[in-house]
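*Asks:* Next up, my_file31.txt (compact mmCIF, C-alpha atoms).
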# COMPACT_ATOMS: atom_id res chain seq x y z
CA MET K 1 -106.66 -8.14 10.62
CA LEU K 2 -109.86 -6.12 10.82
CA SER K 3 -113.04 -8.15 11.05
CA PRO K 4 -116.01 -5.85 11.76
CA LEU K 5 -118.70 -8.54 11.53
CA PRO K 6 -117.08 -11.98 11.25
CA ASP K 7 -120.24 -13.91 10.34
CA ILE K 8 -121.86 -11.35 8.03
CA ARG K 9 -121.81 -13.79 5.10
CA THR K 10 -123.90 -16.30 7.05
CA LEU K 11 -126.41 -13.59 7.98
CA PHE K 12 -126.73 -11.72 4.69
CA ARG K 13 -126.47 -12.83 1.06
CA PRO K 14 -127.45 -9.97 -1.26
CA LEU K 15 -129.11 -11.37 -4.38
CA GLN K 16 -129.52 -9.84 -7.80
CA PRO K 17 -132.02 -11.19 -10.36
CA THR K 18 -130.93 -13.38 -13.22
CA THR K 19 -130.81 -12.14 -16.80
CA ARG K 20 -134.23 -13.62 -17.49
CA GLY K 21 -135.69 -12.53 -20.81
CA SER K 22 -132.32 -12.26 -22.57
CA GLU K 23 -132.90 -15.58 -24.39
CA GLY K 24 -129.51 -16.85 -23.24
CA GLN K 25 -127.62 -14.05 -24.95
CA VAL K 26 -126.60 -12.29 -21.71
CA SER K 27 -124.50 -13.98 -19.04
CA TYR K 28 -124.25 -12.99 -15.37
CA ARG K 29 -122.04 -14.79 -12.86
CA GLU K 30 -120.30 -14.23 -9.54
CA VAL K 31 -117.11 -15.50 -7.92
CA MET K 32 -116.02 -15.19 -4.32
CA PRO K 33 -113.01 -13.12 -3.29
CA ALA K 34 -110.03 -14.40 -1.34
CA LYS K 35 -110.85 -15.78 2.11
CA ASP K 36 -109.50 -12.77 4.01
CA LEU K 37 -111.77 -10.48 1.98
CA GLN K 38 -115.00 -12.42 2.37
CA ASN K 39 -116.32 -10.39 5.31
CA TRP K 40 -115.80 -7.26 3.23
CA ILE K 41 -116.59 -8.17 -0.35
CA TYR K 42 -119.57 -10.34 -1.21
CA CYS K 43 -118.48 -11.17 -4.74
CA TYR K 44 -116.81 -10.13 -7.95
CA TRP K 45 -119.33 -10.21 -10.79
CA GLU K 46 -119.44 -10.20 -14.56
CA LEU K 47 -122.29 -9.17 -16.87
CA LYS K 48 -121.69 -9.64 -20.58
CA THR K 49 -123.28 -10.42 -23.90
CA ILE K 50 -122.61 -13.80 -25.49
CA GLY K 51 -123.15 -12.28 -28.92
CA PRO K 52 -124.58 -9.03 -30.31
CA LEU K 53 -128.18 -8.47 -29.23
CA ASN K 54 -130.91 -7.44 -31.60
CA ASP K 55 -131.92 -4.58 -29.31
CA ALA K 56 -130.58 -2.58 -26.40
CA PHE K 57 -130.70 -4.44 -23.07
CA HIS K 58 -132.25 -3.08 -19.88
CA TYR K 59 -130.62 -4.54 -16.79
CA ARG K 60 -132.45 -4.15 -13.49
CA VAL K 61 -130.45 -3.88 -10.26
CA VAL K 62 -132.58 -4.52 -7.18
CA ALA K 63 -131.97 -2.91 -3.81
CA ASP K 64 -129.43 -5.01 -1.90
CA GLY K 65 -127.90 -2.74 0.78
CA CYS K 66 -124.45 -2.86 -0.85
CA MET K 67 -122.09 -0.59 -2.76
CA ASP K 68 -120.56 -1.66 -6.08
CA ILE K 69 -117.62 -0.67 -8.25
CA PHE K 70 -118.09 -1.49 -11.92
CA PHE K 71 -116.61 -0.75 -15.33
CA GLU K 72 -116.80 -1.78 -18.94
CA THR K 73 -113.72 -3.93 -19.63
CA ALA K 74 -113.01 -1.96 -22.79
CA HIS K 75 -112.72 1.17 -20.62
CA PRO K 76 -111.11 0.30 -17.27
CA GLU K 77 -109.98 3.93 -17.09
CA GLN K 78 -113.64 4.87 -16.40
CA PRO K 79 -114.73 2.88 -13.32
CA TYR K 80 -117.87 3.91 -11.44
CA ILE K 81 -119.14 3.44 -7.93
CA MET K 82 -122.80 2.87 -7.13
CA GLY K 83 -123.96 3.80 -3.67
CA PHE K 84 -126.70 2.41 -1.45
CA SER K 85 -130.03 2.34 -3.28
CA SER K 86 -133.42 2.55 -1.59
CA THR K 87 -135.15 1.51 -4.83
CA TYR K 88 -134.40 -0.66 -7.82
CA THR K 89 -132.34 0.89 -10.63
CA GLU K 90 -132.59 0.10 -14.32
CA PHE K 91 -129.60 0.53 -16.62
CA PRO K 92 -130.08 0.74 -20.40
CA LEU K 93 -127.12 -1.04 -22.03
CA PRO K 94 -126.03 -1.30 -25.70
CA ASN K 95 -126.35 -4.50 -27.70
CA VAL K 96 -122.75 -5.51 -26.88
CA PHE K 97 -121.19 -5.06 -23.42
CA HIS K 98 -118.82 -6.68 -20.93
CA TYR K 99 -118.97 -5.33 -17.38
CA ILE K 100 -116.99 -6.46 -14.37
CA GLY K 101 -117.79 -5.31 -10.85
CA VAL K 102 -117.12 -5.65 -7.13
CA ARG K 103 -119.97 -5.88 -4.61
CA PHE K 104 -118.96 -4.69 -1.14
CA LEU K 105 -120.88 -5.91 1.88
CA PRO K 106 -122.74 -3.26 3.94
CA GLY K 107 -120.41 -0.73 5.54
CA ALA K 108 -117.22 -2.16 4.04
CA PHE K 109 -116.34 0.37 1.34
CA PRO K 110 -116.72 3.49 3.55
CA LEU K 111 -114.60 1.80 6.20
CA LEU K 112 -111.80 0.84 3.82
CA TYR K 113 -111.68 4.10 1.87
CA GLY K 114 -112.96 6.73 4.31
CA ILE K 115 -115.92 8.08 2.33
CA LYS K 116 -119.32 9.10 3.69
CA ALA K 117 -121.80 6.62 2.24
CA ALA K 118 -124.73 9.08 2.27
CA GLU K 119 -123.00 11.20 -0.38
CA LEU K 120 -123.55 8.37 -2.89
CA THR K 121 -127.03 7.25 -1.89
CA ASN K 122 -129.33 6.52 -4.84
CA ARG K 123 -126.78 7.46 -7.47
CA PHE K 124 -123.59 6.36 -9.15
CA GLU K 125 -120.50 8.46 -9.66
CA ALA K 126 -117.18 8.26 -11.46
CA LEU K 127 -114.86 6.51 -9.01
CA GLY K 128 -112.16 9.04 -9.83
CA ASN K 129 -114.28 11.74 -8.16
CA VAL K 130 -114.67 9.68 -4.99
CA VAL K 131 -111.44 7.69 -4.45
CA PRO K 132 -108.97 8.88 -7.11
CA ALA K 133 -106.16 6.52 -6.08
CA LEU K 134 -108.40 3.46 -6.36
CA SER K 135 -109.68 4.62 -9.73
CA LYS K 136 -106.13 4.96 -11.02
CA SER K 137 -105.24 1.49 -9.71
CA ILE K 138 -108.17 -0.06 -11.54
CA ALA K 139 -107.37 1.88 -14.71
CA SER K 140 -103.87 0.38 -14.68
CA LEU K 141 -105.10 -3.20 -14.38
CA ASN K 142 -104.81 -5.48 -17.37
CA VAL K 143 -108.49 -6.35 -17.64
CA VAL K 144 -109.32 -5.11 -21.13
CA THR K 145 -109.59 -8.66 -22.42
CA ALA K 146 -109.53 -10.47 -19.08
CA GLY K 147 -112.48 -12.51 -17.93
CA LEU K 148 -113.80 -12.62 -14.41
CA ASP K 149 -111.47 -15.35 -13.17
CA GLN K 150 -108.34 -13.42 -14.11
CA ALA K 151 -109.79 -10.14 -12.89
CA SER K 152 -110.68 -11.68 -9.51
CA SER K 153 -107.05 -12.55 -8.82
CA ILE K 154 -106.03 -9.00 -9.66
CA PHE K 155 -108.77 -7.58 -7.43
CA ASP K 156 -107.75 -9.82 -4.53
CA GLN K 157 -104.28 -8.29 -4.51
CA LEU K 158 -105.67 -4.77 -4.76
CA PHE K 159 -108.19 -5.07 -1.93
CA LEU K 160 -105.97 -7.09 0.38
CA THR K 161 -103.59 -4.14 0.27
CA ALA K 162 -106.45 -1.79 1.20
CA LEU K 163 -107.52 -4.12 4.01
CA ALA K 164 -104.02 -4.01 5.48
CA ASN K 165 -104.23 -0.20 5.67
CA PRO K 166 -107.88 0.83 6.18
CA VAL K 167 -108.67 4.54 6.38
CA ARG K 168 -111.00 4.03 9.38
CA GLN K 169 -111.35 1.67 12.30
CA PRO K 170 -114.66 -0.20 12.72
CA ASP K 171 -117.25 1.44 14.98
CA LYS K 172 -118.42 -1.30 17.32
CA ARG K 173 -121.78 0.38 17.93
CA PHE K 174 -122.60 0.47 14.22
CA TYR K 175 -121.72 -3.16 13.65
CA GLU K 176 -123.68 -4.23 16.72
CA ALA K 177 -126.74 -2.54 15.21
CA VAL K 178 -126.14 -4.18 11.81
CA ASP K 179 -125.74 -7.55 13.51
CA LEU K 180 -129.08 -7.17 15.31
CA ILE K 181 -130.88 -6.14 12.12
CA LEU K 182 -129.42 -9.03 10.11
CA ARG K 183 -130.18 -11.63 12.78
CA ALA K 184 -133.78 -10.38 12.94
CA GLN K 185 -133.95 -10.54 9.12
CA GLY K 186 -134.96 -6.90 9.01
CA THR K 187 -137.93 -7.19 11.36
CA THR K 188 -136.28 -5.54 14.38
CA THR K 189 -138.31 -2.82 16.09
CA LEU K 190 -136.43 0.41 15.46
CA ASN K 191 -138.14 2.82 17.86
CA HIS K 192 -135.21 2.51 20.29
CA ASN K 193 -131.41 2.48 20.06
CA LEU K 194 -131.21 -1.24 19.16
CA GLY K 195 -129.40 -1.83 22.44
CA THR K 196 -126.17 -0.34 21.15
CA GLY K 197 -125.86 2.37 23.78
CA VAL K 198 -126.29 5.28 21.35
CA SER K 199 -129.28 7.52 20.75
CA PRO K 200 -131.47 7.17 17.63
CA ARG K 201 -129.91 10.38 16.29
CA GLN K 202 -126.38 9.05 16.76
CA LEU K 203 -127.37 5.74 15.21
CA ARG K 204 -128.78 7.52 12.16
CA ARG K 205 -125.50 9.43 11.82
CA LEU K 206 -123.52 6.19 11.93
CA PHE K 207 -125.76 4.63 9.27
CA ASP K 208 -125.36 7.72 7.08
CA GLU K 209 -121.60 7.31 7.37
CA TYR K 210 -121.37 3.57 6.70
CA ILE K 211 -124.59 2.55 4.87
CA GLY K 212 -125.95 5.72 3.29
CA ASP K 213 -129.48 5.73 4.74
CA SER K 214 -131.38 5.17 7.97
CA PRO K 215 -131.51 1.94 10.01
CA LYS K 216 -135.20 1.71 9.04
CA THR K 217 -134.48 1.78 5.30
CA PHE K 218 -131.61 -0.69 5.67
CA SER K 219 -133.93 -3.01 7.59
CA LYS K 220 -136.51 -2.84 4.79
CA ILE K 221 -133.89 -4.00 2.31
CA VAL K 222 -132.66 -6.79 4.60
CA ARG K 223 -136.25 -8.01 4.94
CA PHE K 224 -136.77 -7.81 1.16
CA GLN K 225 -133.54 -9.68 0.47
CA HIS K 226 -134.56 -12.39 2.95
CA ILE K 227 -137.73 -12.95 0.91
CA LEU K 228 -135.66 -13.21 -2.29
CA GLN K 229 -133.53 -15.85 -0.58
CA ALA K 230 -136.65 -17.84 0.30
CA LYS K 231 -137.55 -18.00 -3.42
CA PRO K 232 -141.28 -18.43 -2.82
CA SER K 233 -143.61 -19.22 -5.69
CA ALA K 234 -146.49 -16.88 -6.46
CA GLU K 235 -148.85 -19.59 -5.18
CA SER K 236 -146.99 -20.09 -1.90
CA LEU K 237 -147.01 -16.33 -1.32
CA ARG K 238 -150.79 -16.39 -1.49
CA LYS K 239 -151.24 -19.54 0.60
CA ASN K 240 -148.55 -19.11 3.24
CA LYS K 241 -148.91 -15.36 3.75
CA LEU K 242 -145.13 -14.92 3.93
CA PHE K 243 -145.60 -11.16 4.11
CA PHE K 244 -147.13 -11.47 7.60
CA THR K 245 -144.22 -13.44 9.06
CA ALA K 246 -141.82 -11.00 7.39
CA GLY K 247 -143.42 -8.12 9.29
CA TYR K 248 -145.54 -6.48 6.59
CA TYR K 249 -148.88 -5.02 7.70
CA ASP K 250 -150.85 -6.62 4.90
CA GLN K 251 -150.56 -7.83 1.32
CA ALA K 252 -150.94 -4.35 -0.17
CA HIS K 253 -148.06 -3.07 1.96
CA PHE K 254 -145.92 -6.02 0.90
CA ILE K 255 -146.64 -5.60 -2.83
CA LYS K 256 -146.01 -1.85 -2.76
CA GLU K 257 -142.67 -2.17 -0.98
CA PHE K 258 -141.59 -5.10 -3.14
CA LYS K 259 -142.29 -3.14 -6.35
CA THR K 260 -140.22 -0.23 -5.02
CA LEU K 261 -137.23 -2.46 -4.30
CA PHE K 262 -137.49 -4.95 -7.18
CA GLY K 263 -139.31 -3.10 -9.96
CA THR K 264 -142.10 -5.65 -10.46
CA THR K 265 -144.78 -7.30 -8.34
CA PRO K 266 -143.90 -10.41 -6.31
CA ALA K 267 -146.12 -12.49 -8.59
CA ALA K 268 -144.14 -11.40 -11.67
CA ALA K 269 -140.78 -11.79 -9.92
CA PHE K 270 -141.43 -15.34 -8.75
CA ARG K 271 -143.34 -16.53 -11.80
Translate this file's structure into structure tokens.

*Replies:*
Amino acid sequence: MLSPLPDIRTLFRPLQPTTRGSEGQVSYREVMPAKDLQNWIYCYWELKTIGPLNDAFHYRVVADGCMDIFFETAHPEQPYIMGFSSTYTEFPLPNVFHYIGVRFLPGAFPLLYGIKAAELTNRFEALGNVVPALSKSIASLNVVTAGLDQASSIFDQLFLTALANPVRQPDKRFYEAVDLILRAQGTTTLNHNLGTGVSPRQLRRLFDEYIGDSPKTFSKIVRFQHILQAKPSAESLRKNKLFFTAGYYDQAHFIKEFKTLFGTTPAAAFR
């Protein structure tokens, strides 16, 4: 069975913020896929209201280097795919909703389904316009009233079938570059070919195919996600100067980049 980067889950755990500010009326949770899918899919996720909200809800998705499929359970015939994002994205949602999604680890979806990742960068698209057969399969699933646990079993069967018959074969050079970036937590110097034996131009082409942006942008997001994993307090950020060890030039550089990727300052995010 294909295994492009066997230990990717130990090197990279893409986080999304909690539903803070929803006063307990919005629930977000994740479950892991089947074991054979865990180097391809980070999680299946569910975002739903517990009861009708008084106002519309704005859900912020931070940059995480991944691609997601998602749909409202009342309309499985209208699944969407969200490509690689170089910034945070905010979705205005109604006062009642129930979304289920699939978060693919970097490079996995283009490999399984043969798309060019750069065509979806910084946008989302109806899945039917990108991979029609997959969209039809999801539309036929009995998830209108299903919760995440039932949907995850259905998804396991669907994606294990895709894994058995991938459209592409893994490009060793690309995954060697991803491995180096992840092990360096996004601080790798990128003014060379990362030791993969390909030129910077070829490497950029590979990242366009599998990630959707340049190695430099992907590294920024890996570095940002590593800081989210560290869960520093606003006080420890000031005292420990985490931004220096993470490779930022200075505090202003760190705050600017963090706001681009998260949507708020580090102080507000870790309050």

*Asks:* Which is closest to Phe224 of chain K among K:Val198, K:Ala63, K:Ala133, K:Ala151, if we use all atoms listed in the file?

*Replies:* K:Ala63

*Asks:* Quick one: 6 Å padding each side, axis-aligned, all listed atoms of segment 56-60 of chain K - centre and edge lengths in Å to one decimal, as AutoDock Vina command-line options?

*Replies:*
--center_x -131.5 --center_y -3.6 --center_z -19.9 --size_x 13.9 --size_y 14.0 --size_z 24.9

*Asks:* When you look at segment 181-186 of chain K with a cut-off of 10 Å (counting all atoms listed in the file), what residues show up, excluding the ones that are within fewer than 5 positions of it in the same chain? I need them as a PDB file with C-alpha atoms, keeping the file's coordinate frame.

*Replies:*
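What follows is the written file selection_11.pdb:
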ATOM      1  CA  ILE K   8    -121.860 -11.350   8.030  1.00  0.00           C
ATOM      2  CA  THR K  10    -123.900 -16.300   7.050  1.00  0.00           C
ATOM      3  CA  LEU K  11    -126.410 -13.590   7.980  1.00  0.00           C
ATOM      4  CA  PHE K  12    -126.730 -11.720   4.690  1.00  0.00           C
ATOM      5  CA  TYR K 175    -121.720  -3.160  13.650  1.00  0.00           C
ATOM      6  CA  GLU K 176    -123.680  -4.230  16.720  1.00  0.00           C
ATOM      7  CA  LEU K 194    -131.210  -1.240  19.160  1.00  0.00           C
ATOM      8  CA  PRO K 215    -131.510   1.940  10.010  1.00  0.00           C
ATOM      9  CA  LYS K 216    -135.200   1.710   9.040  1.00  0.00           C
ATOM     10  CA  THR K 217    -134.480   1.780   5.300  1.00  0.00           C
ATOM     11  CA  PHE K 218    -131.610  -0.690   5.670  1.00  0.00           C
ATOM     12  CA  SER K 219    -133.930  -3.010   7.590  1.00  0.00           C
ATOM     13  CA  LYS K 220    -136.510  -2.840   4.790  1.00  0.00           C
ATOM     14  CA  ILE K 221    -133.890  -4.000   2.310  1.00  0.00           C
ATOM     15  CA  VAL K 222    -132.660  -6.790   4.600  1.00  0.00           C
ATOM     16  CA  ARG K 223    -136.250  -8.010   4.940  1.00  0.00           C
ATOM     17  CA  PHE K 224    -136.770  -7.810   1.160  1.00  0.00           C
ATOM     18  CA  GLN K 225    -133.540  -9.680   0.470  1.00  0.00           C
ATOM     19  CA  HIS K 226    -134.560 -12.390   2.950  1.00  0.00           C
ATOM     20  CA  ILE K 227    -137.730 -12.950   0.910  1.00  0.00           C
ATOM     21  CA  ALA K 246    -141.820 -11.000   7.390  1.00  0.00           C
ATOM     22  CA  GLY K 247    -143.420  -8.120   9.290  1.00  0.00           C
TER      23      GLY K 247
END

*Asks:* Have a look at K:Gly212, K:Ile69, K:Leu180, K:Lys116 and name the one nearest to Gly128 of chain K; count only C-alpha atoms.

*Replies:*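 Smallest distance to Gly128 of chain K is found for K:Ile69.
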
*Asks:* Between K:Val61, K:Thr87, K:Val130, K:Leu112, which residue has the minimum interatomic distance to Leu163 of chain K, considering all atoms listed in the file?

*Replies:*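 Of K:Val61, K:Thr87, K:Val130, K:Leu112, the one nearest Leu163 of chain K, counting all atoms listed in the file, is K:Leu112.
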
*Asks:* Once you count all atoms listed in the file, what closest atom pair and distance in Å to one decimal does each residue of segment 35-143 of chain K within 12 Å of segment 258-265 of chain K have, with rows by chain and rising residue number, as a Markdown table?

*Replies:*
| residue | atom | partner | partner_atom | distance |
| --- | --- | --- | --- | --- |
| K:Tyr59 | CA | K:Gly263 | CA | 11.1 |
| K:Arg60 | CA | K:Gly263 | CA | 7.8 |
| K:Val61 | CA | K:Phe262 | CA | 7.8 |
| K:Val62 | CA | K:Phe262 | CA | 4.9 |
| K:Ala63 | CA | K:Leu261 | CA | 5.3 |
| K:Asp64 | CA | K:Leu261 | CA | 8.5 |
| K:Gly65 | CA | K:Leu261 | CA | 10.6 |
| K:Phe84 | CA | K:Leu261 | CA | 11.9 |
| K:Ser85 | CA | K:Leu261 | CA | 8.7 |
| K:Ser86 | CA | K:Leu261 | CA | 6.9 |
| K:Thr87 | CA | K:Leu261 | CA | 4.5 |
| K:Tyr88 | CA | K:Leu261 | CA | 4.9 |
| K:Thr89 | CA | K:Gly263 | CA | 8.1 |
| K:Glu90 | CA | K:Gly263 | CA | 8.6 |
| K:Asn122 | CA | K:Leu261 | CA | 12.0 |

*Asks:* Using atom CA of Asp55 of chain K and atom CA of Asn95 of chain K as the two end points, give the distance in Å to one decimal.

*Replies:*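 Computing it gives 5.8 Å between the two atoms.
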
*Asks:* Please indicate the distance in Å from atom CA of Ser140 of chain K to atom CA of Leu160 of chain K, rounded to one decimal place.

*Replies:*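 Taking atom CA of Ser140 of chain K and atom CA of Leu160 of chain K, their separation equals 16.9 Å.
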
*Asks:* Would you please work out which residue, of K:Pro79, K:Pro166, K:Gly51, K:Pro92, is nearest to Leu134 of chain K when using all atoms listed in the file?

*Replies:*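 Result for the nearest residue to Leu134 of chain K: K:Pro79.
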
*Asks:* List the spatial neighbours of Ile115 of chain K as an MDAnalysis selection string - criterion: any atom at most 12 Å away, only C-alpha atoms, same-chain residues fewer than 5 positions off excluded.

*Replies:* chainID K and resid 67 81 83 107:110 120:121 127 129:132 166:168 208:212

*Asks:* Taking only C-alpha atoms into account, name the residue in K:Phe155, K:Phe207, K:Phe70, K:Trp45 that is nearest to Phe174 of chain K.

*Replies:*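 Closest to Phe174 of chain K of all the choices is K:Phe207.
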
*Asks:* Of the residues K:Tyr44, K:Phe124, K:Tyr99, K:Tyr249, which is the one nearest to Ile154 of chain K, using only C-alpha atoms?

*Replies:*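 Answer, going by the shortest atom-to-atom distance: K:Tyr44.
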
*Asks:* What separation in Å, quoted to one decimal, exists between atom CA of Met82 of chain K and atom CA of Ala118 of chain K?

*Replies:*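 Separation between atom CA of Met82 of chain K and atom CA of Ala118 of chain K: 11.4 Å.
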
*Asks:* Would you list the residues near (-105.9, -8.2, -7.0), meaning any protein, DNA or RNA residue with an atom at most 12 Å from that point in file coordinates, counting only C-alpha atoms, as a list in words?

*Replies:*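 Every polymer residue passing the test: Pro33, Ala34, Leu37, Tyr44, Val102, Leu134, Ser137, Ile138, Ser140, Leu141, Asn142, Val143, Leu148, Asp149, Gln150, Ala151, Ser152, Ser153, Ile154, Phe155, Asp156, Gln157, Leu158, Phe159, Leu160, Thr161, Ala162 and Leu163 of chain K.
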